[in-house]
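Pasting coords.cif here (mmCIF, C-alpha atoms):
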data_model
#
loop_
_atom_site.label_atom_id
_atom_site.label_comp_id
_atom_site.auth_asym_id
_atom_site.auth_seq_id
_atom_site.Cartn_x
_atom_site.Cartn_y
_atom_site.Cartn_z
CA MET W 1 16.94 -40.77 -9.13
CA SER W 2 20.56 -41.21 -10.11
CA GLU W 3 21.86 -41.07 -13.66
CA ARG W 4 22.68 -44.81 -13.72
CA SER W 5 19.20 -45.84 -12.63
CA ARG W 6 17.34 -44.00 -15.37
CA VAL W 7 15.50 -46.32 -17.74
CA PRO W 8 16.45 -46.03 -21.44
CA LEU W 9 13.69 -44.46 -23.55
CA LEU W 10 13.30 -44.43 -27.33
CA LEU W 11 10.82 -42.20 -29.16
CA ILE W 12 9.55 -43.39 -32.54
CA SER W 13 7.70 -41.00 -34.86
CA GLY W 14 6.56 -41.19 -38.46
CA LEU W 15 3.62 -40.47 -40.73
CA SER W 16 3.06 -44.09 -41.75
CA PRO W 17 1.90 -46.25 -38.81
CA GLY W 18 3.07 -49.57 -40.32
CA PRO W 19 6.85 -49.00 -40.21
CA GLY W 20 6.73 -47.54 -36.69
CA SER W 21 4.71 -50.46 -35.43
CA GLN W 22 7.08 -52.93 -37.11
CA LEU W 23 10.11 -51.29 -35.54
CA ALA W 24 8.53 -51.23 -32.07
CA ASP W 25 7.53 -54.90 -32.39
CA THR W 26 11.09 -55.82 -33.37
CA LEU W 27 12.59 -54.00 -30.38
CA ARG W 28 10.12 -55.62 -28.01
CA ALA W 29 10.69 -59.11 -29.43
CA ARG W 30 14.49 -58.88 -29.40
CA GLU W 31 14.90 -57.23 -26.00
CA PRO W 32 12.93 -58.73 -23.07
CA GLY W 33 11.84 -56.17 -20.54
CA THR W 34 10.88 -53.62 -23.21
CA ALA W 35 7.62 -51.76 -22.59
CA VAL W 36 5.95 -50.31 -25.70
CA VAL W 37 3.47 -47.45 -25.33
CA HIS W 38 1.29 -46.12 -28.14
CA HIS W 39 -1.49 -43.52 -28.01
CA ASP W 40 -3.99 -43.65 -30.89
CA LEU W 41 -5.43 -40.16 -31.46
CA ARG W 42 -7.93 -41.00 -34.17
CA HIS W 43 -10.90 -40.36 -31.84
CA ILE W 44 -9.37 -37.43 -29.99
CA CYS W 45 -11.90 -34.97 -31.42
CA SER W 46 -14.48 -36.90 -29.40
CA GLY W 47 -12.35 -36.57 -26.29
CA VAL W 48 -11.13 -40.17 -26.38
CA VAL W 49 -7.59 -41.52 -26.80
CA ARG W 50 -6.86 -45.23 -27.07
CA ARG W 51 -3.68 -46.27 -25.30
CA ARG W 52 -1.93 -49.57 -25.90
CA LEU W 53 0.65 -50.84 -23.43
CA GLN W 54 2.70 -53.94 -24.23
CA LEU W 55 5.07 -55.49 -21.70
CA GLY W 56 5.99 -59.16 -21.68
CA ALA W 57 2.78 -61.17 -22.09
CA ARG W 58 0.71 -58.11 -21.24
CA ASP W 59 -1.07 -56.37 -24.13
CA GLN W 60 -3.50 -53.86 -22.66
CA LEU W 61 -5.85 -51.50 -24.50
CA SER W 62 -7.35 -48.59 -22.55
CA ALA W 63 -9.78 -45.88 -23.60
CA LEU W 64 -8.89 -42.54 -21.99
CA GLU W 65 -11.43 -39.73 -21.76
CA LEU W 66 -9.72 -36.33 -21.96
CA ALA W 67 -11.06 -32.98 -20.84
CA HIS W 68 -10.08 -30.93 -23.89
CA GLY W 69 -9.13 -33.57 -26.44
CA CYS W 70 -5.63 -32.59 -27.60
CA VAL W 71 -2.05 -33.81 -27.59
CA SER W 72 -1.27 -31.61 -24.58
CA CYS W 73 -4.04 -33.35 -22.65
CA THR W 74 -2.67 -36.75 -23.63
CA LEU W 75 0.70 -35.74 -22.20
CA ARG W 76 -0.82 -34.09 -19.15
CA GLU W 77 -3.20 -36.80 -18.15
CA ASP W 78 -1.47 -39.99 -19.18
CA LEU W 79 1.85 -40.28 -20.99
CA LEU W 80 4.19 -38.52 -18.58
CA PRO W 81 2.76 -40.09 -15.40
CA LEU W 82 2.76 -43.47 -17.16
CA LEU W 83 6.43 -43.15 -18.09
CA ARG W 84 7.28 -42.44 -14.47
CA ARG W 85 5.33 -45.48 -13.29
CA LEU W 86 6.97 -47.73 -15.88
CA SER W 87 10.44 -46.46 -14.99
CA ARG W 88 9.89 -47.63 -11.41
CA MET W 89 8.73 -51.14 -12.31
CA PRO W 90 11.58 -53.64 -11.80
CA GLU W 91 10.55 -55.72 -14.82
CA VAL W 92 10.91 -52.73 -17.17
CA GLU W 93 14.42 -52.47 -18.58
CA ARG W 94 13.66 -50.03 -21.42
CA ILE W 95 10.71 -48.09 -22.82
CA VAL W 96 9.67 -47.46 -26.41
CA VAL W 97 7.08 -44.75 -27.09
CA ARG W 98 5.56 -45.02 -30.55
CA LEU W 99 4.01 -41.64 -31.21
CA ASP W 100 0.78 -41.23 -33.11
CA GLU W 101 1.22 -40.23 -36.76
CA ALA W 102 0.04 -36.68 -35.98
CA MET W 103 2.50 -36.14 -33.13
CA GLU W 104 5.77 -34.27 -33.50
CA PRO W 105 8.60 -35.49 -31.26
CA GLU W 106 9.91 -32.05 -30.29
CA PRO W 107 7.00 -31.03 -27.98
CA VAL W 108 7.12 -34.47 -26.36
CA SER W 109 10.86 -34.12 -25.75
CA TRP W 110 10.33 -30.64 -24.38
CA ALA W 111 7.73 -31.96 -21.96
CA LEU W 112 10.02 -34.75 -20.80
CA HIS W 113 12.72 -32.21 -19.93
CA ASN W 114 10.68 -29.29 -18.63
CA VAL W 115 7.29 -30.32 -17.28
CA LEU W 116 7.04 -31.12 -13.60
CA VAL W 117 5.28 -34.31 -12.60
CA GLY W 118 5.09 -33.79 -8.89
CA ASP W 119 8.30 -31.96 -8.05
CA HIS W 120 10.57 -32.99 -10.92
CA PRO W 121 10.45 -33.70 -14.67
CA VAL W 122 10.22 -37.21 -16.09
CA ILE W 123 13.68 -36.92 -17.66
CA ASP W 124 14.96 -37.60 -14.13
CA ASP W 125 13.46 -41.08 -14.47
CA VAL W 126 14.23 -41.93 -18.10
CA ASP W 127 17.25 -41.58 -20.35
CA LEU W 128 16.22 -40.46 -23.84
CA GLU W 129 18.52 -42.60 -25.97
CA ALA W 130 17.33 -41.34 -29.34
CA VAL W 131 14.48 -39.94 -31.40
CA VAL W 132 13.83 -42.20 -34.39
CA THR W 133 11.64 -41.27 -37.35
CA THR W 134 10.48 -43.83 -39.88
CA VAL W 135 10.32 -42.64 -43.50
CA ASP W 136 8.33 -44.44 -46.18
CA ARG W 137 10.07 -43.45 -49.41
CA SER W 138 7.01 -44.34 -51.48
CA THR W 139 4.95 -41.50 -49.98
CA TRP W 140 7.15 -39.18 -47.91
CA LEU W 141 8.18 -36.67 -50.58
CA ALA W 142 4.60 -36.14 -51.76
CA ASP W 143 3.53 -35.67 -48.13
CA ALA W 144 6.37 -33.23 -47.40
CA THR W 145 5.60 -31.04 -50.42
CA GLY W 146 1.80 -31.32 -50.51
CA GLU W 147 -1.06 -29.15 -49.30
CA ASP W 148 -3.25 -31.72 -47.54
CA THR W 149 -4.24 -30.86 -44.01
CA LEU W 150 -4.28 -33.38 -41.19
CA GLU W 151 -8.04 -32.96 -41.07
CA GLU W 152 -8.34 -34.03 -44.72
CA ARG W 153 -6.36 -37.17 -43.91
CA GLY W 154 -8.31 -37.90 -40.74
CA LEU W 155 -5.20 -37.30 -38.64
CA ARG W 156 -6.01 -34.25 -36.51
CA ALA W 157 -4.47 -34.20 -33.04
CA SER W 158 -7.19 -31.91 -31.64
CA PRO W 159 -10.45 -30.34 -32.84
CA GLU W 160 -8.55 -27.11 -33.58
CA ASP W 161 -5.59 -28.75 -35.36
CA GLU W 162 -4.98 -26.83 -38.60
CA ARG W 163 -1.55 -28.24 -39.41
CA THR W 164 -0.72 -29.68 -42.79
CA VAL W 165 0.66 -33.15 -43.39
CA ALA W 166 3.82 -31.50 -44.74
CA GLN W 167 4.39 -29.60 -41.50
CA VAL W 168 4.27 -32.82 -39.50
CA ALA W 169 6.35 -34.83 -41.99
CA LEU W 170 9.17 -32.30 -41.95
CA ALA W 171 9.05 -31.66 -38.19
CA GLN W 172 9.34 -35.39 -37.52
CA VAL W 173 12.36 -35.77 -39.80
CA GLU W 174 14.16 -32.60 -38.69
CA PHE W 175 14.08 -33.56 -35.00
CA ALA W 176 15.23 -37.13 -35.55
CA ASP W 177 18.56 -38.55 -34.45
CA LEU W 178 18.03 -41.48 -36.82
CA LEU W 179 15.94 -41.95 -39.95
CA VAL W 180 14.77 -45.52 -40.49
CA LEU W 181 13.95 -45.92 -44.17
CA THR W 182 11.51 -48.29 -45.80
CA GLY W 183 9.54 -48.60 -49.01
CA SER W 184 10.58 -47.62 -52.52
CA ALA W 185 9.92 -44.46 -54.48
CA ALA W 186 7.97 -44.76 -57.72
CA ASP W 187 11.09 -44.31 -59.86
CA ALA W 188 14.79 -43.53 -59.66
CA TRP W 189 14.22 -39.77 -60.02
CA SER W 190 11.72 -39.66 -57.14
CA ASP W 191 14.08 -41.75 -55.02
CA ALA W 192 16.99 -39.41 -55.71
CA LYS W 193 14.85 -36.34 -55.05
CA THR W 194 13.63 -37.77 -51.74
CA GLY W 195 17.23 -38.39 -50.73
CA ALA W 196 18.23 -34.86 -51.74
CA VAL W 197 15.51 -33.35 -49.53
CA LEU W 198 16.39 -35.57 -46.55
CA ASP W 199 20.08 -34.69 -46.95
CA ARG W 200 19.20 -31.02 -46.53
CA VAL W 201 16.50 -31.05 -43.86
CA ALA W 202 18.16 -33.71 -41.66
CA PRO W 203 21.86 -33.75 -42.55
CA ALA W 204 22.95 -34.69 -39.02
CA ALA W 205 20.61 -37.67 -38.66
CA GLY W 206 21.89 -41.21 -39.10
CA ARG W 207 20.31 -43.55 -41.65
CA ALA W 208 19.30 -47.21 -41.41
CA GLU W 209 17.07 -49.55 -43.41
CA LEU W 210 14.07 -51.01 -41.58
CA ALA W 211 14.36 -54.44 -43.20
CA GLY W 212 16.32 -56.71 -40.90
CA LEU W 213 17.20 -53.91 -38.48
CA GLU W 214 18.30 -55.26 -35.11
CA PRO W 215 18.38 -53.24 -31.85
CA ALA W 216 22.18 -53.17 -31.69
CA ALA W 217 22.42 -51.93 -35.28
CA LEU W 218 19.80 -49.27 -34.59
CA ARG W 219 21.72 -47.87 -31.65
CA ALA W 220 25.01 -48.03 -33.55
CA ALA W 221 23.46 -45.94 -36.34
CA VAL W 222 22.63 -43.06 -33.97
CA PRO W 223 25.40 -40.43 -34.38
CA ALA W 224 27.56 -39.79 -31.35
CA ALA W 225 26.70 -36.08 -31.50
CA ALA W 226 22.92 -36.66 -31.75
CA ARG W 227 20.79 -34.12 -29.91
CA ARG W 228 18.79 -36.89 -28.13
CA GLY W 229 15.73 -34.76 -27.50
CA GLU W 230 17.43 -31.43 -26.85
CA VAL W 231 15.08 -28.70 -28.05
CA THR W 232 16.74 -26.06 -30.20
CA ASP W 233 16.73 -22.34 -29.51
CA MET W 234 14.66 -20.32 -32.00
CA HIS W 235 17.55 -17.82 -31.96
CA GLY W 236 20.19 -20.46 -32.59
CA PRO W 237 21.71 -21.66 -35.88
CA LEU W 238 19.13 -22.44 -38.56
CA LEU W 239 21.28 -25.04 -40.27
CA THR W 240 22.37 -28.14 -38.34
CA GLY W 241 24.97 -30.59 -39.51
CA GLU W 242 26.52 -30.05 -42.92
CA PRO W 243 23.77 -29.95 -45.56
CA PRO W 244 24.90 -29.95 -49.21
CA LEU W 245 24.90 -26.41 -50.56
CA ILE W 246 24.83 -27.37 -54.25
CA ALA W 247 21.68 -28.12 -56.22
CA ASP W 248 20.61 -31.76 -56.61
CA CYS W 249 17.51 -32.99 -58.49
CA GLY W 250 16.22 -29.41 -58.48
CA ILE W 251 16.56 -29.14 -54.68
CA GLU W 252 18.42 -25.99 -53.55
CA LEU W 253 19.09 -24.17 -50.30
CA LEU W 254 18.82 -20.38 -49.99
CA THR W 255 20.01 -18.44 -46.96
CA PHE W 256 18.37 -15.02 -46.99
CA THR W 257 19.90 -12.33 -44.77
CA ALA W 258 19.38 -8.57 -44.47
CA ARG W 259 20.17 -5.81 -41.96
CA ARG W 260 17.02 -3.72 -42.44
CA PRO W 261 13.42 -4.52 -41.44
CA PHE W 262 10.55 -5.77 -43.55
CA HIS W 263 7.62 -3.50 -44.35
CA PRO W 264 4.67 -5.41 -42.79
CA ASP W 265 2.28 -4.97 -45.73
CA ARG W 266 4.85 -5.86 -48.37
CA LEU W 267 6.05 -8.86 -46.37
CA HIS W 268 2.45 -10.05 -46.07
CA ASP W 269 2.06 -9.76 -49.85
CA ALA W 270 5.41 -11.39 -50.60
CA ILE W 271 5.20 -14.26 -48.16
CA ASP W 272 3.06 -16.40 -50.44
CA VAL W 273 6.22 -16.97 -52.47
CA LEU W 274 7.20 -19.38 -49.69
CA LEU W 275 4.21 -21.58 -50.49
CA ASP W 276 4.86 -22.12 -54.20
CA GLY W 277 7.57 -24.61 -55.11
CA VAL W 278 9.16 -24.50 -51.63
CA VAL W 279 9.75 -27.55 -49.46
CA ARG W 280 10.69 -25.78 -46.23
CA THR W 281 11.29 -22.34 -44.74
CA ARG W 282 12.59 -21.66 -41.24
CA GLY W 283 13.92 -18.48 -39.75
CA ARG W 284 13.66 -15.18 -37.94
CA ALA W 285 12.28 -11.93 -39.31
CA TRP W 286 12.39 -8.31 -38.20
CA VAL W 287 9.18 -6.43 -39.02
CA ALA W 288 9.28 -2.64 -38.84
CA SER W 289 5.92 -2.20 -37.12
CA GLN W 290 6.94 -4.53 -34.27
CA PRO W 291 10.64 -3.75 -33.88
CA ASP W 292 11.11 -5.26 -30.43
CA VAL W 293 9.95 -8.80 -31.18
CA ALA W 294 11.48 -11.42 -33.45
CA PHE W 295 9.06 -13.11 -35.81
CA TRP W 296 9.42 -16.83 -36.46
CA ILE W 297 8.49 -17.86 -40.02
CA GLU W 298 8.08 -21.50 -40.90
CA SER W 299 6.62 -23.09 -44.01
CA ALA W 300 6.26 -26.71 -45.09
CA GLY W 301 4.77 -27.64 -48.42
CA GLY W 302 1.51 -25.72 -48.65
CA GLY W 303 1.41 -24.74 -44.95
CA LEU W 304 2.77 -21.58 -43.37
CA GLY W 305 3.08 -20.56 -39.73
CA ILE W 306 4.10 -17.13 -38.42
CA GLY W 307 4.68 -16.53 -34.72
CA HIS W 308 6.67 -14.66 -32.12
CA ALA W 309 10.12 -15.92 -31.12
CA GLY W 310 10.42 -13.54 -28.17
CA PRO W 311 12.22 -10.19 -27.91
CA TRP W 312 15.55 -9.34 -29.49
CA LEU W 313 18.47 -8.96 -27.07
CA ASP W 314 18.49 -5.24 -27.88
CA SER W 315 14.78 -4.84 -27.07
CA PRO W 316 13.82 -2.90 -23.92
CA ASP W 317 12.41 -6.10 -22.38
CA GLY W 318 14.95 -8.41 -23.99
CA PRO W 319 16.72 -11.13 -21.99
CA ALA W 320 20.09 -10.55 -20.37
CA TRP W 321 23.06 -11.95 -22.25
CA ASP W 322 23.81 -14.48 -19.52
CA GLU W 323 20.22 -15.79 -19.77
CA VAL W 324 20.49 -16.98 -23.37
CA SER W 325 22.39 -19.79 -25.03
CA PRO W 326 26.05 -19.44 -26.00
CA GLU W 327 25.01 -19.92 -29.64
CA ARG W 328 22.68 -16.95 -29.47
CA ARG W 329 25.30 -14.77 -27.82
CA THR W 330 27.81 -15.67 -30.51
CA LEU W 331 25.42 -14.94 -33.37
CA ALA W 332 24.39 -11.62 -31.81
CA SER W 333 28.01 -10.56 -31.29
CA LEU W 334 28.91 -11.31 -34.90
CA ARG W 335 26.12 -9.19 -36.36
CA TRP W 336 25.65 -6.49 -33.70
CA ASP W 337 24.69 -3.13 -35.19
CA PRO W 338 25.30 0.12 -33.24
CA GLU W 339 21.74 1.32 -33.94
CA PHE W 340 19.68 -1.85 -34.31
CA GLY W 341 21.55 -4.32 -32.11
CA ASP W 342 20.95 -7.97 -32.99
CA ARG W 343 17.89 -7.32 -35.18
CA ALA W 344 18.29 -8.94 -38.59
CA GLN W 345 16.58 -11.07 -41.21
CA GLU W 346 17.74 -14.68 -41.40
CA LEU W 347 15.71 -17.27 -43.31
CA VAL W 348 16.70 -20.63 -44.75
CA VAL W 349 14.55 -21.74 -47.68
CA LEU W 350 14.65 -25.15 -49.38
CA THR W 351 13.22 -24.98 -52.92
CA HIS W 352 12.18 -27.69 -55.36
CA GLN W 353 9.93 -26.15 -58.04
CA THR W 354 11.06 -22.56 -57.91
CA THR W 355 14.47 -20.91 -57.87
CA PRO W 356 16.30 -19.26 -54.99
CA GLU W 357 16.56 -16.14 -57.17
CA GLU W 358 12.75 -15.78 -57.24
CA ILE W 359 12.56 -16.09 -53.46
CA GLU W 360 15.42 -13.64 -52.98
CA THR W 361 13.82 -11.06 -55.27
CA ALA W 362 10.43 -11.26 -53.55
CA LEU W 363 11.89 -10.95 -50.05
CA ARG W 364 14.28 -8.12 -50.99
CA GLY W 365 11.31 -6.22 -52.38
CA ALA W 366 9.58 -6.43 -48.99
CA LEU W 367 12.41 -4.68 -47.11
CA LEU W 368 12.17 -1.01 -46.20
CA THR W 369 13.44 1.38 -48.83
CA ASP W 370 16.12 3.93 -48.00
CA ALA W 371 13.43 6.60 -47.62
CA GLU W 372 11.35 4.43 -45.29
CA LEU W 373 14.43 3.49 -43.29
CA ALA W 374 15.16 7.19 -42.78
CA GLU W 375 11.67 7.77 -41.31
CA GLY W 376 12.75 5.99 -38.13
CA ARG W 377 11.13 3.70 -35.61
CA ALA W 378 8.41 6.11 -34.50
CA ALA W 379 6.98 6.19 -38.02
CA TRP W 380 7.41 2.43 -38.53
CA ARG W 381 5.17 1.63 -35.57
CA HIS W 382 2.25 3.29 -37.39
CA TYR W 383 2.55 1.16 -40.54
CA PRO W 384 -0.55 -0.98 -41.21
CA ASP W 385 0.22 -4.35 -39.64
CA PRO W 386 -1.53 -7.55 -40.82
CA PHE W 387 0.48 -9.63 -38.32
CA GLY W 388 -1.36 -8.52 -35.22
CA SER W 389 -3.41 -11.57 -34.11
CA TRP W 390 -2.02 -14.68 -32.47
CA HIS W 391 -3.42 -18.06 -31.48
CA GLU W 392 -2.73 -19.69 -28.15
CA GLU W 393 -3.29 -23.32 -27.14
CA PRO W 394 -6.09 -23.76 -24.57
CA CYS W 395 -4.01 -25.93 -22.21
CA ASP W 396 -1.56 -23.63 -20.41
CA ASP W 397 -0.87 -25.32 -17.08
CA THR W 398 2.75 -25.01 -16.01
CA GLU W 399 3.21 -28.05 -13.84
CA ILE W 400 1.69 -31.38 -12.83
CA SER W 401 0.53 -32.08 -9.33
CA PRO W 402 0.58 -35.66 -8.05
CA GLU W 403 -3.19 -35.49 -7.49
CA ARG W 404 -4.28 -33.96 -10.81
CA ASN W 405 -1.54 -35.35 -13.09
CA ASP W 406 -1.47 -31.97 -14.88
CA VAL W 407 1.25 -31.16 -17.38
CA SER W 408 2.10 -27.87 -19.00
CA ALA W 409 1.44 -27.39 -22.67
CA GLN W 410 4.13 -25.82 -24.79
CA GLN W 411 2.40 -22.69 -25.95
CA ARG W 412 2.21 -22.15 -29.68
CA LYS W 413 1.42 -18.72 -31.02
CA ASP W 414 1.05 -18.87 -34.72
CA GLU W 415 -1.06 -17.61 -37.55
CA ASN W 416 -1.83 -20.49 -39.86
CA ARG W 417 -2.47 -19.40 -43.40
#
As structure tokens, the full file:
Amino acid sequence: MSERSRVPLLLISGLSPGPGSQLADTLRAREPGTAVVHHDLRHICSGVVRRRLQLGARDQLSALELAHGCVSCTLREDLLPLLRRLSRMPEVERIVVRLDEAMEPEPVSWALHNVLVGDHPVIDDVDLEAVVTTVDRSTWLADATGEDTLEERGLRASPEDERTVAQVALAQVEFADLLVLTGSAADAWSDAKTGAVLDRVAPAAGRAELAGLEPAALRAAVPAAARRGEVTDMHGPLLTGEPPLIADCGIELLTFTARRPFHPDRLHDAIDVLLDGVVRTRGRAWVASQPDVAFWIESAGGGLGIGHAGPWLDSPDGPAWDEVSPERRTLASLRWDPEFGDRAQELVVLTHQTTPEEIETALRGALLTDAELAEGRAAWRHYPDPFGSWHEEPCDDTEISPERNDVSAQQRKDENR
């Protein structure tokens, strides 16, 4: 399918269902030929997803029975094949997908670009115009800094879903090209603090108010340089856009860097500092006991995930330089060490009830001492390692066949604490 014939697609995410539904209804009412798709995951733990499809006078509710009951199954068995079918219907001029509250837009975008439905991905059929996230200012900051799990809110996206509300809230905002704001914070301080957090976690995203928002104004508010669904490299820059680097309403950014590895036991003891008074942590870590793999550390509110980000370029099984992104090659060249190559610590931490100095002190204390550094890699590999077990999603198909409508799941390997 040619570039010109691709059907425009808009993804809408957000923790509060009301604003997302209002925005989708507005787009459908103002622009004839708009198909709106929504999957309700509230009964997914029973293996059932309710799908609503609206197009013209058609308003169809369907109950889908899924084999495993997870977001990956929803993509595999329904959403991607449905998008292809809609893109080929002459009456469909554009598509709006309103994601369930528990869904993060990044895995959906990844699937659009990388999963084969038949012999090619769905991005060949649709043009992802923008990822829009609705933000209710009356609740978002509490959600983004809290400890509630999705299960406690009745929002799990699978029976094994252990994510926190904060993890979803921040992931939705960070991946957005446009934030559509609604509601009012309880007071001026809370409103200013919410804005300070959004300025730092999504500095490149456009802003628009939901009230009175028309389709043309929505599209005009999407920045020209928006990523439009492009999934970022875990080894790329950790800061996007130009976030303010000065403190505001107690919100501060810390960039932690170091050229020596963490001691696994001391890092395990120190890492809880990222759960106390911290809004967000994202970054790569080098752990002495596993020197050939980059760790990915990510916290949100009271939730923490630790996983593998693949081998370093200098690792024996590392990728070739021409196989990685230009951004990764540039970063590696700038920090290359004759002995340790591109291995390094690089974490970005956004604080709100603690200070960057406290975080810095705790993480510095987890690095190898001079004496431990002198012991060398052979000794490091024998350090007690509490980071040895990983979780993998059950759905690991790599492509969809026309008969089975299978879709690959983006594998997540993380230790949720």
Evaluate the PyMOL selection byres ((chain W and resi 109) around 12) on the structure here and hand back the selected residues as a ChimeraX atom specification.
/W:9-13,75,79-80,97,99,103-108,110-115,121-123,126-131,172,175-176,227-232,409-410
Please expand the PyMOL selection byres ((chain W and resi 350) around 8) into the concrete residues it hits in this file, giving the result as a PyMOL selection string.
chain W and resi 200+251-254+278-281+348-349+351-352
Near W:Thr257, within 10 Å and counting only C-alpha atoms, which residues show up once chain neighbours fewer than 4 positions away are dropped, as a PyMOL selection string?
chain W and resi 283-285+344-348+360+363-364
Separation of atom CA of W:Leu55 from atom CA of W:Gly206, in Å and rounded to one decimal
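Result for atom CA of W:Leu55 versus atom CA of W:Gly206: 28.1 Å, one decimal.
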What does the PyMOL selection byres ((chain W and resi 315-327) around 10) select in this file, as a PyMOL selection string?
chain W and resi 232-233+235-237+291-294+310-314+328-333+340-343
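For the pair atom CA of W:Val92 and atom CA of W:Val180, the separation is 24.7 Å.
Straight-line separation from atom CA of W:Gly241 to atom CA of W:Val197: 14.1 Å.
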Taking all atoms listed in the file into account, which of W:Gly277, W:Leu178, W:Leu238, W:Asp199 comes nearest W:Ile297?
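Checking each candidate against W:Ile297, we get W:Leu238 as the closest.
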Near W:Arg94, counting all atoms listed in the file, which residues have an atom at most 10 Å away, once you skip same-chain residues fewer than 3 positions from it, shown as a list in words?
Arg6, Val7, Pro8, Leu9, Leu10, Leu27, Arg28, Glu31, Pro32, Gly33, Thr34, Ala35, Val36, Leu86, Ser87, Glu91, Val126, Asp127 and Glu129 of chain W
Given 5 Å of margin on each side, can you work out the centre and size in Å (one decimal) of an axis-aligned box holding every listed atom of stretch 169-188 of chain W, as AutoDock Vina command-line options?
--center_x 12.5 --center_y -40.1 --center_z -47.2 --size_x 22.2 --size_y 26.9 --size_z 35.4
Contact check, stretch 53-167 of chain W to stretch 189-193 of chain W, at most 12 Å, counting all atoms listed in the file, closest pairs as a tab-separated table:
residue	atom	partner	partner_atom	distance
W:Asp136	CA	W:Asp191	CA	10.9
W:Arg137	CA	W:Asp191	CA	7.1
W:Ser138	CA	W:Asp191	CA	8.3
W:Thr139	CA	W:Ser190	CA	10.0
W:Trp140	CA	W:Asp191	CA	10.3
W:Leu141	CA	W:Ser190	CA	8.0
W:Ala142	CA	W:Ser190	CA	9.6
W:Ala144	CA	W:Lys193	CA	11.8
W:Thr145	CA	W:Lys193	CA	11.6
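Considering the residues W:Leu304, W:Ala225, W:Val135, W:Leu66 and counting all atoms listed in the file, W:Gly195 has its shortest atom-to-atom contact with W:Val135.
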With all atoms listed in the file as the atoms that count, which of W:Cys70, W:Gln290, W:Ser21, W:Asp370 lies nearest to W:Arg52?
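Nearest candidate to W:Arg52 out of W:Cys70, W:Gln290, W:Ser21, W:Asp370: W:Ser21.
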For W:Gly69, the nearest of the candidates W:Pro19, W:Pro159, W:Gly154, W:Gly250, counting all atoms listed in the file
W:Pro159
Kindly indicate which residue among W:Gly118, W:Asp40, W:Arg260, W:Ala102 lies nearest to W:Arg76, using all atoms listed in the file for the distances.
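The shortest atom-to-atom distance to W:Arg76 comes from W:Gly118.
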Excluding W:Glu174 and any residue of its chain fewer than 6 positions from it, enumerate the residues within 9 Å of it, using all atoms listed in the file, and give them as an MDAnalysis selection string.
chainID W and resid 198 201:203 205
